[in-house]
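Chemist: Shown below is the structure under consideration.
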Amino acid sequence: MFESQSVPPISKSSKIVVLTGAGISAESGIRTFRDAGGMWEQYRAEDIATPEAFDRDPETVWEFYNERRRKAGEVQPNPAHRALARLEEHLLPGNFTLITQNVDNLHRLAGSKNVLHMHGELSKVRCTKCANVSETMELFEGIPYCDCGGMLRPDVVWFGEMPMFLEETQNHLYMCDLFLAIGTSGHVHPAAGFLQTAKSAGVVTVGVNLEEPANVRYFDFFFCGKAGGILPSLVDNWLEALSTKGA
Ligand code: NAD
């Protein structure tokens with residue numbers, strides 16, 4: 001699918017950092033936020049995805065997250081998720097880091113191992129009193145409570161809250177050879193700034209998105225189209241080069 005000169009070279013010892021956004025899960029049937037038909041056409045972020053919304057009306061917030069949890073339980077990884085898992089398998093241990101803004105678990109289901117969920121995970125709940133985090137896909141009726149009596153909330157990062165793993169991510173961005181961003185609009189910070197950080201650290205930057213994202217100018221290589229079509233060919237191209245180089 002690609003002219004070899006249009007794909008940046010990698011070696012088996014390359015350190016690769018991948019950032020994924022809602023677009024990579026779109027072909028699995030999970031809606032993005034900002035596209036036409038996206039979730040923010042149906043809901044207002046301030047009603048369901050802020051700490052203030054949860055304080056005001058936890059039942060409505062839980063209704064929204066129960067619905068997202070139900071949907072997440074029904075979908076499967078697509079060829080883009082699986083291509084990233086294949087790439088990780090062929091690199092040296094520790095040289096592949098996948099940072100996702102997504103709260104679904106499709107990367108892990110596809111076989112990716114080193115995944116940092118910077119916006120938390122739909123399958124986890126956190127106690128608002130003792131801060132204990134536990135994993136469950138139960139669909140709650142009403143508001144769930146912890147054994148300590150505290151109210152449970154989804155363990156996801158809401159607007160106005162600090163994303164997870166930021167320091168670790170910055171370190172990975174400075175240390176890597178190639179940064180690949182997939183299915184992310186470049187509007188949500190701090191994730192939108194990772195590309196510029198990597199670029200200014202001299203890292204080769206590659207983007208895959210259905211349309212040009214807001215920060216497209218920082219990509220050295222940009223592939224416009226669906227992740228499920230582009231990623232498998234891009235990864236095949238890289239793996240073929242690794243096997244012929246024996247690198
Ligand atoms: P976004 O909705 O702002 O942007 C998604 C981008 O993906 C768009 O630029 C769109 O053109 C592109 N896209 C759509 N379909 C694509 C496809 N098939 N292949 C490639 N690109 C495609 O999403 P964002 O940048 O991730 O930021 C929004 C926030 O929404 C994040 O914080 C994330 O946590 C959250 N979110 C997560 C999920 C999920 O967990 N699956 C779903 C919706 C939103």
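Residues in the structure tokens are named by chain (A, B, ... in the order shown) and by number from 1 within that chain; ligands are numbered from 1 in the order shown.
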I'd like the neighbourhood of stretch 212-218 of chain A as a VMD selection string, where a residue qualifies if any of its atoms comes within 12 Å (using only C-alpha atoms), though same-chain residues fewer than 4 positions away should be ignored.
Modeler: chain A and resid 21 23 34 to 35 179 to 189 191 to 208 222 to 226
Chemist: Write down as JSON, numbers by chain the residues of stretch 6-197 of chain A whose backbone DSSP state falls under strand (DSSP E).
Modeler: {"A": [16, 17, 18, 19, 20, 96, 97, 98, 99, 100, 115, 116, 117, 120, 121, 122, 123, 124, 125, 126, 127, 133, 134, 135, 152, 153, 154, 155, 156, 178, 179, 180, 181, 182]}
Chemist: Counting only C-alpha atoms and all ligand atoms, figure out which residue out of A:Thr60, A:Thr32, A:Ser233, A:Asn95 gets nearest to ligand 1.
Modeler: A:Thr32
Chemist: For stretch 137-153 of chain A, list every protein, DNA or RNA residue within 7 Å, evaluated using only C-alpha atoms, and leave out those in the same chain fewer than 6 positions away; present the list as a list in words.
Modeler: Pro58, Glu59, Trp62, Asn66, Arg69, Ser123, Val125, Arg126, Cys127, Thr128 and Lys129 of chain A
Chemist: Would you mind reading off the distance between atom 9 (O, counted along the ligand's line) of ligand 1 and atom CA of A:Leu210, one decimal, in Å?
Modeler: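 Atom-to-atom, atom 9 (O, counted along the ligand's line) of ligand 1 and atom CA of A:Leu210 are spaced 6.3 Å apart.
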Chemist: With distances taken over only C-alpha atoms and all ligand atoms, which residue among A:Pro77, A:Pro51, A:Gly111, A:Pro93 lies nearest ligand 1?
Modeler: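 Nearest candidate to ligand 1 out of A:Pro77, A:Pro51, A:Gly111, A:Pro93: A:Pro77.
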Chemist: Determine the nearest neighbour of A:Ser112 from the options A:Lys124, A:Gly160, A:Pro190, A:Val18, counting only C-alpha atoms.
Modeler: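 Of A:Lys124, A:Gly160, A:Pro190, A:Val18, the one nearest A:Ser112, counting only C-alpha atoms, is A:Val18.
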Chemist: Between A:Pro79, A:Arg70, A:Lys113, A:Leu87, single out the one closest to A:Ile230, counting only C-alpha atoms.
Modeler: A:Pro79
Chemist: When you draw a straight line from atom CA of A:Met118 to atom CA of A:Arg31, how long is it in Å?
Modeler: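 We find that atom CA of A:Met118 and atom CA of A:Arg31 lie 18.6 Å from each other.
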Chemist: Which one of A:Leu231, A:Leu92, A:Leu84, A:Ile10 sits closest to ligand 1 if you count only C-alpha atoms and all ligand atoms?
Modeler: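 Closest to ligand 1, using only C-alpha atoms and all ligand atoms: A:Leu231.
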Chemist: Return as JSON, numbers by chain the full set of residues in stretch 56-123 of chain A whose backbone-based DSSP assignment is helix (DSSP H, G or I).
Modeler: {"A": [56, 58, 59, 60, 61, 62, 63, 64, 65, 66, 67, 68, 69, 70, 71, 72, 79, 80, 81, 82, 83, 84, 85, 86, 87, 88, 89, 106, 107, 108, 109, 110]}
Chemist: Put those residues in a file: N, CA and C atoms, as a tab-separated table (two decimals), in the first residue's frame.
Modeler:
chain	number	residue	atom	x	y	z
A	56	ARG	N	-23.33	17.17	41.77
A	56	ARG	CA	-24.69	17.68	41.62
A	56	ARG	C	-25.70	16.54	41.42
A	58	PRO	N	-25.15	12.52	40.83
A	58	PRO	CA	-24.40	11.28	40.55
A	58	PRO	C	-25.22	10.23	39.81
A	59	GLU	N	-26.54	10.21	40.01
A	59	GLU	CA	-27.37	9.20	39.31
A	59	GLU	C	-27.26	9.37	37.80
A	60	THR	N	-27.38	10.63	37.32
A	60	THR	CA	-27.33	10.86	35.87
A	60	THR	C	-25.95	10.51	35.32
A	61	VAL	N	-24.91	10.86	36.07
A	61	VAL	CA	-23.55	10.53	35.60
A	61	VAL	C	-23.40	9.01	35.53
A	62	TRP	N	-23.90	8.30	36.55
A	62	TRP	CA	-23.79	6.83	36.51
A	62	TRP	C	-24.63	6.23	35.38
A	63	GLU	N	-25.79	6.83	35.10
A	63	GLU	CA	-26.59	6.33	33.96
A	63	GLU	C	-25.78	6.38	32.67
A	64	PHE	N	-25.11	7.53	32.46
A	64	PHE	CA	-24.29	7.70	31.26
A	64	PHE	C	-23.16	6.67	31.22
A	65	TYR	N	-22.47	6.48	32.37
A	65	TYR	CA	-21.34	5.54	32.37
A	65	TYR	C	-21.79	4.09	32.31
A	66	ASN	N	-22.96	3.78	32.90
A	66	ASN	CA	-23.49	2.41	32.76
A	66	ASN	C	-23.71	2.10	31.29
A	67	GLU	N	-24.25	3.08	30.55
A	67	GLU	CA	-24.52	2.88	29.13
A	67	GLU	C	-23.21	2.70	28.36
A	68	ARG	N	-22.21	3.49	28.71
A	68	ARG	CA	-20.90	3.34	28.04
A	68	ARG	C	-20.26	1.98	28.40
A	69	ARG	N	-20.43	1.55	29.64
A	69	ARG	CA	-19.88	0.26	30.06
A	69	ARG	C	-20.59	-0.89	29.34
A	70	ARG	N	-21.90	-0.75	29.19
A	70	ARG	CA	-22.68	-1.79	28.49
A	70	ARG	C	-22.18	-1.90	27.05
A	71	LYS	N	-22.02	-0.74	26.40
A	71	LYS	CA	-21.58	-0.70	25.00
A	71	LYS	C	-20.16	-1.30	24.88
A	72	ALA	N	-19.29	-0.92	25.82
A	72	ALA	CA	-17.90	-1.39	25.77
A	72	ALA	C	-17.83	-2.92	25.90
A	79	PRO	N	-8.90	-4.09	13.26
A	79	PRO	CA	-7.56	-4.35	12.73
A	79	PRO	C	-6.49	-3.34	13.19
A	80	ALA	N	-6.90	-2.11	13.51
A	80	ALA	CA	-5.90	-1.12	13.97
A	80	ALA	C	-5.39	-1.48	15.36
A	81	HIS	N	-6.28	-1.87	16.27
A	81	HIS	CA	-5.85	-2.29	17.61
A	81	HIS	C	-4.91	-3.50	17.48
A	82	ARG	N	-5.31	-4.44	16.60
A	82	ARG	CA	-4.53	-5.68	16.49
A	82	ARG	C	-3.16	-5.41	15.86
A	83	ALA	N	-3.10	-4.46	14.92
A	83	ALA	CA	-1.81	-4.14	14.29
A	83	ALA	C	-0.82	-3.60	15.33
A	84	LEU	N	-1.31	-2.77	16.26
A	84	LEU	CA	-0.42	-2.23	17.29
A	84	LEU	C	0.10	-3.33	18.21
A	85	ALA	N	-0.77	-4.31	18.51
A	85	ALA	CA	-0.33	-5.43	19.35
A	85	ALA	C	0.76	-6.24	18.63
A	86	ARG	N	0.60	-6.40	17.31
A	86	ARG	CA	1.62	-7.14	16.52
A	86	ARG	C	2.94	-6.40	16.54
A	87	LEU	N	2.88	-5.08	16.40
A	87	LEU	CA	4.11	-4.29	16.38
A	87	LEU	C	4.84	-4.44	17.71
A	88	GLU	N	4.10	-4.35	18.81
A	88	GLU	CA	4.73	-4.47	20.15
A	88	GLU	C	5.45	-5.80	20.29
A	89	GLU	N	4.82	-6.88	19.77
A	89	GLU	CA	5.41	-8.23	19.86
A	89	GLU	C	6.78	-8.32	19.22
A	106	LEU	N	-10.08	-1.95	24.52
A	106	LEU	CA	-9.86	-2.66	23.26
A	106	LEU	C	-8.38	-2.93	22.97
A	107	HIS	N	-7.49	-2.06	23.44
A	107	HIS	CA	-6.05	-2.34	23.21
A	107	HIS	C	-5.62	-3.60	23.95
A	108	ARG	N	-6.03	-3.71	25.21
A	108	ARG	CA	-5.65	-4.91	25.98
A	108	ARG	C	-6.31	-6.15	25.38
A	109	LEU	N	-7.58	-6.03	24.96
A	109	LEU	CA	-8.26	-7.18	24.35
A	109	LEU	C	-7.54	-7.63	23.08
A	110	ALA	N	-6.94	-6.67	22.37
A	110	ALA	CA	-6.23	-7.01	21.13
A	110	ALA	C	-4.86	-7.63	21.43
Chemist: Would you kindly return, as a ChimeraX atom specification, each protein, DNA or RNA residue with an atom no farther than 12 Å from any atom of A:His172, considering only C-alpha atoms and excluding same-chain residues fewer than 3 positions away?
Modeler: /A:15-19,94-99,116,165-169,175-179,194,197-198,201,203
Chemist: Could you write those residues out with C-alpha atoms, as an mmCIF file, in the first residue's frame?
Modeler:
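See result30.cif below for the written result:
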data_model
loop_
_atom_site.group_PDB
_atom_site.id
_atom_site.type_symbol
_atom_site.label_atom_id
_atom_site.label_comp_id
_atom_site.auth_asym_id
_atom_site.auth_seq_id
_atom_site.Cartn_x
_atom_site.Cartn_y
_atom_site.Cartn_z
ATOM 1 C CA LYS A 15 11.770 2.923 20.906
ATOM 2 C CA ILE A 16 8.220 3.688 19.819
ATOM 3 C CA VAL A 17 5.569 5.686 21.648
ATOM 4 C CA VAL A 18 1.997 5.518 20.360
ATOM 5 C CA LEU A 19 -0.837 7.861 21.330
ATOM 6 C CA GLY A 94 10.169 -2.133 27.060
ATOM 7 C CA ASN A 95 10.650 -0.375 23.722
ATOM 8 C CA PHE A 96 6.956 0.034 22.962
ATOM 9 C CA THR A 97 4.652 2.243 25.015
ATOM 10 C CA LEU A 98 1.022 2.766 24.123
ATOM 11 C CA ILE A 99 -0.609 5.800 25.708
ATOM 12 C CA LEU A 116 -1.074 3.543 29.870
ATOM 13 C CA PHE A 165 0.865 8.970 33.999
ATOM 14 C CA LEU A 166 1.891 12.438 32.770
ATOM 15 C CA GLU A 167 5.446 12.363 34.144
ATOM 16 C CA GLU A 168 6.053 8.849 32.831
ATOM 17 C CA THR A 169 4.654 9.921 29.451
ATOM 18 C CA MET A 175 13.492 8.989 25.064
ATOM 19 C CA CYS A 176 11.730 7.566 21.999
ATOM 20 C CA ASP A 177 12.811 7.394 18.342
ATOM 21 C CA LEU A 178 9.355 7.462 16.797
ATOM 22 C CA PHE A 179 6.033 8.905 17.954
ATOM 23 C CA PHE A 194 2.598 15.303 23.112
ATOM 24 C CA THR A 197 6.947 17.771 22.617
ATOM 25 C CA ALA A 198 8.175 14.757 20.643
ATOM 26 C CA ALA A 201 12.882 16.564 21.063
ATOM 27 C CA VAL A 203 11.693 12.401 17.450
#
Chemist: Just give me the gap between atom CA of A:Pro8 and atom CA of A:Glu240 in Å, one decimal is fine.
Modeler: 13.1 Å
Chemist: Check the smallest atom-to-atom distance from each of A:Ser14, A:Gln76, A:Thr100, A:Asn171 to ligand 1 using only C-alpha atoms and all ligand atoms, then report the winner.
Modeler: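 Closest to ligand 1 of all the choices is A:Thr100.
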